[in-house]
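Peer 1: So I've got this file, start.tsv, and it contains TSV, C-alpha atoms:
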```tsv
chain	number	residue	atom	x	y	z
A	29	MET	CA	-14.76	-12.71	-12.06
A	30	LYS	CA	-16.35	-15.45	-9.94
A	31	LYS	CA	-15.36	-19.06	-10.43
A	32	ARG	CA	-17.96	-21.73	-9.99
A	33	ILE	CA	-16.98	-24.94	-8.23
A	34	THR	CA	-18.79	-28.06	-9.37
A	35	LEU	CA	-18.77	-31.48	-7.79
A	36	GLY	CA	-19.07	-34.72	-9.65
A	37	ARG	CA	-22.17	-36.77	-8.95
A	38	GLY	CA	-20.35	-39.17	-6.62
A	39	ALA	CA	-18.78	-36.35	-4.63
A	40	GLY	CA	-22.15	-34.60	-4.37
A	41	ILE	CA	-23.82	-37.73	-3.06
A	42	ALA	CA	-21.00	-38.30	-0.58
A	43	LEU	CA	-21.31	-34.72	0.65
A	44	ALA	CA	-25.09	-35.09	1.03
A	45	VAL	CA	-24.66	-38.30	3.04
A	46	PHE	CA	-22.00	-36.67	5.22
A	47	VAL	CA	-24.21	-33.66	5.94
A	48	GLY	CA	-27.22	-35.92	6.57
A	49	LEU	CA	-25.31	-38.02	9.08
A	50	GLY	CA	-24.14	-34.85	10.82
A	51	VAL	CA	-27.72	-33.63	11.16
A	52	LEU	CA	-28.86	-37.05	12.41
A	53	GLY	CA	-25.99	-37.11	14.91
A	54	ALA	CA	-27.02	-33.68	16.17
A	55	VAL	CA	-30.65	-34.77	16.56
A	56	VAL	CA	-29.87	-38.14	18.14
A	57	GLY	CA	-27.08	-36.68	20.31
A	58	GLU	CA	-29.37	-34.04	21.82
A	59	GLU	CA	-29.77	-34.82	25.45
A	60	GLU	CA	-29.99	-32.70	28.52
A	61	LYS	CA	-26.54	-32.02	29.89
A	62	THR	CA	-26.10	-30.82	33.45
A	63	PRO	CA	-22.73	-29.74	34.77
A	64	VAL	CA	-21.27	-31.80	37.57
A	65	ALA	CA	-19.60	-29.74	40.27
A	66	GLY	CA	-17.79	-32.59	41.97
A	67	PRO	CA	-18.21	-36.00	43.60
A	68	GLU	CA	-20.96	-34.67	45.86
A	69	ALA	CA	-23.11	-33.95	42.79
A	70	VAL	CA	-23.06	-37.57	41.59
A	71	ALA	CA	-26.23	-39.32	42.68
A	72	SER	CA	-26.56	-43.04	43.10
A	73	PRO	CA	-29.02	-44.70	40.73
A	74	SER	CA	-32.59	-44.91	41.90
A	75	PRO	CA	-34.13	-48.33	42.57
A	76	GLU	CA	-36.16	-47.98	39.34
A	77	GLU	CA	-32.92	-47.75	37.32
A	78	GLU	CA	-31.30	-50.78	38.94
A	79	VAL	CA	-34.19	-53.21	38.48
A	80	PRO	CA	-35.36	-54.07	34.96
A	81	ALA	CA	-38.95	-53.11	34.20
A	82	VAL	CA	-41.39	-55.98	34.67
A	83	ASP	CA	-44.78	-56.19	33.01
A	84	VAL	CA	-47.95	-57.66	34.55
A	85	SER	CA	-47.04	-61.20	33.42
A	86	GLY	CA	-43.83	-61.00	35.47
A	87	GLU	CA	-41.52	-61.04	32.44
A	88	ALA	CA	-38.77	-58.45	32.05
A	89	GLN	CA	-39.48	-55.86	29.36
A	90	GLU	CA	-36.82	-55.06	26.78
A	91	GLU	CA	-34.99	-51.78	27.33
A	92	LYS	CA	-36.09	-48.91	25.13
A	93	LEU	CA	-34.33	-45.78	23.91
A	94	PRO	CA	-35.54	-42.42	25.17
A	95	GLU	CA	-38.60	-41.35	23.20
A	96	GLU	CA	-36.82	-38.44	21.44
A	97	GLN	CA	-33.98	-40.67	20.24
A	98	GLN	CA	-36.31	-43.42	19.04
A	99	LYS	CA	-38.43	-40.82	17.18
A	100	ALA	CA	-35.33	-39.41	15.45
A	101	LEU	CA	-34.18	-42.91	14.43
A	102	ASP	CA	-37.66	-43.79	13.13
A	103	GLU	CA	-37.87	-40.56	11.10
A	104	ALA	CA	-34.45	-41.27	9.58
A	105	GLY	CA	-35.51	-44.84	8.74
A	106	ILE	CA	-32.85	-46.33	11.03
A	107	GLN	CA	-33.78	-49.47	12.93
A	108	GLN	CA	-32.01	-51.24	15.74
A	109	PRO	CA	-30.26	-54.40	14.51
A	110	GLU	CA	-32.08	-57.62	15.21
A	111	ASP	CA	-30.47	-60.68	16.70
A	112	GLY	CA	-29.66	-63.80	14.72
A	113	GLU	CA	-28.49	-67.28	15.60
A	114	LEU	CA	-24.94	-67.71	14.27
A	115	PRO	CA	-24.15	-71.39	13.59
A	116	GLY	CA	-20.87	-73.06	14.52
A	117	MET	CA	-18.84	-73.61	11.35
A	118	VAL	CA	-15.57	-75.13	12.59
A	119	GLY	CA	-14.60	-78.06	10.34
A	120	GLU	CA	-16.77	-76.90	7.40
A	121	ASN	CA	-15.47	-75.53	4.11
A	122	LEU	CA	-15.20	-71.75	4.04
A	123	GLN	CA	-17.77	-71.25	1.28
A	124	PHE	CA	-20.39	-73.26	3.19
A	125	ALA	CA	-19.58	-71.29	6.37
A	126	GLN	CA	-20.08	-67.96	4.58
A	127	ASP	CA	-23.32	-69.14	2.96
A	128	SER	CA	-24.64	-70.39	6.33
A	129	ALA	CA	-23.78	-67.12	8.09
A	130	GLN	CA	-25.59	-65.15	5.37
A	131	ALA	CA	-28.61	-67.46	5.57
A	132	ALA	CA	-28.74	-66.66	9.31
A	133	GLY	CA	-28.76	-62.91	8.48
A	134	PHE	CA	-25.06	-62.08	9.03
A	135	TYR	CA	-23.60	-60.17	6.08
A	136	VAL	CA	-20.52	-58.47	7.59
A	137	LEU	CA	-18.06	-61.30	6.92
A	138	ASP	CA	-14.29	-61.59	6.93
A	139	ASP	CA	-11.93	-64.53	6.49
A	140	GLN	CA	-8.30	-64.92	7.48
A	141	ASP	CA	-5.54	-67.44	6.86
A	142	ALA	CA	-5.33	-69.35	10.16
A	143	SER	CA	-1.79	-70.53	9.32
A	144	GLY	CA	-0.49	-67.00	9.81
A	145	LEU	CA	1.01	-66.90	6.31
A	146	GLY	CA	-1.44	-64.25	5.11
A	147	ARG	CA	-2.47	-66.20	2.01
A	148	PHE	CA	-5.45	-65.06	-0.05
A	149	ARG	CA	-8.37	-67.40	-0.50
A	150	VAL	CA	-9.09	-67.71	-4.22
A	151	MET	CA	-11.52	-70.63	-4.02
A	152	ASP	CA	-13.27	-70.60	-0.64
A	153	ARG	CA	-14.43	-74.20	-1.14
A	154	ASN	CA	-10.77	-75.32	-0.88
A	155	TRP	CA	-10.38	-73.94	2.65
A	156	THR	CA	-11.52	-75.43	5.98
A	157	VAL	CA	-12.66	-73.28	8.91
A	158	CYS	CA	-10.50	-73.71	12.04
A	159	SER	CA	-12.24	-71.12	14.23
A	160	GLN	CA	-14.69	-68.27	14.09
A	161	GLU	CA	-15.31	-65.00	15.95
A	162	PRO	CA	-17.80	-64.66	17.47
A	163	GLY	CA	-18.51	-68.28	18.29
A	164	PRO	CA	-21.88	-69.90	17.70
A	165	GLY	CA	-24.80	-68.26	19.48
A	166	THR	CA	-27.13	-65.29	19.41
A	167	ASP	CA	-25.63	-61.99	18.25
A	168	PRO	CA	-26.88	-58.81	16.52
A	169	VAL	CA	-26.92	-59.48	12.76
A	170	ASP	CA	-24.68	-56.47	12.10
A	171	THR	CA	-21.85	-58.16	14.06
A	172	LYS	CA	-18.67	-58.76	12.05
A	173	VAL	CA	-18.08	-62.51	11.67
A	174	THR	CA	-14.51	-63.64	10.99
A	175	PHE	CA	-13.67	-67.17	9.85
A	176	TYR	CA	-10.08	-68.38	10.29
A	177	ALA	CA	-9.30	-71.12	7.75
A	178	VAL	CA	-6.48	-73.21	6.30
A	179	LYS	CA	-6.26	-74.95	2.93
A	180	THR	CA	-8.17	-78.22	2.92
A	181	GLY	CA	-5.87	-81.01	4.07
A	182	GLU	CA	-3.73	-78.76	6.30
A	183	SER	CA	-4.03	-78.98	10.07
A	184	CYS	CA	-5.35	-76.05	12.07
```
Represent the structure of the file as structure tokens.

Peer 2:
Amino acid sequence: MKKRITLGRGAGIALAVFVGLGVLGAVVGEEEKTPVAGPEAVASPSPEEEVPAVDVSGEAQEEKLPEEQQKALDEAGIQQPEDGELPGMVGENLQFAQDSAQAAGFYVLDDQDASGLGRFRVMDRNWTVCSQEPGPGTDPVDTKVTFYAVKTGESC
């Protein structure tokens, strides 16, 4: 007698995502591999590889993925992360810092107790940001932003 194995809906979806990522990894990871016999087989980069491409206007062009990899990413609906301007939030309340980071396009956020006591932040408005990683500036919007804060009134 054969037994039939069934998966719950969540497990089935997870399995489908896992298999899909494996297929995408196989497609994106396909590149020509040549064996290297030893140090004599390692070539120095050509001048074209060392100098960034420049268009007619004299401005450097942005680097692009190989055509096969870009095609696979496009077909899978995966886009390269764009850059955003992360504001400096030191001295602001934690809730305002989180809201400002999200308004700038950063959604991977974390916060830590800067005192080192490991306290949980129940009301983010009652905490003041002492430092942040990364600091203010231009970063890909999928960068993890961590705010280190203490309770309002405490010193950093």

Peer 1: Got a sec: who's within 9 Å of A:Ser159, counting all atoms listed in the file, leaving out chain neighbours fewer than 3 positions off, as a VMD selection string?

Peer 2: chain A and resid 116 to 119 142 163 174 to 177 184

Peer 1: Return the single residue from A:Ala100, A:Leu137, A:Leu122, A:Val150 that is closest to A:Thr180, with distances computed using all atoms listed in the file.

Peer 2: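 Closest residue, counting all atoms listed in the file: A:Leu122.
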
Peer 1: Expressed in Å to a single decimal, how great is the separation between atom CA of A:Tyr135 and atom CA of A:Gly105?

Peer 2: 19.6 Å

Peer 1: Just the number, please: distance in Å from atom CA of A:Asp167 to atom CA of A:Ala129, one decimal.

Peer 2: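 Calculated distance between atom CA of A:Asp167 and atom CA of A:Ala129 is 11.5 Å.
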
Peer 1: Nearest to A:Ala131 among A:Ser183, A:Asn154, A:Val169, A:Leu145, with distances taken over all atoms listed in the file: which residue is it?

Peer 2: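 That would be A:Val169, the residue with the smallest distance to A:Ala131.
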
Peer 1: Could you state the separation of atom CA of A:Glu182 and atom CA of A:Val136 in Å, given to one decimal place?

Peer 2: 26.4 Å

Peer 1: Out of A:Gln160, A:Lys179, A:Pro109, A:Thr166, which residue has the shortest atom-to-atom distance to A:Arg147 when counting only C-alpha atoms?

Peer 2: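 Smallest distance to A:Arg147 is found for A:Lys179.
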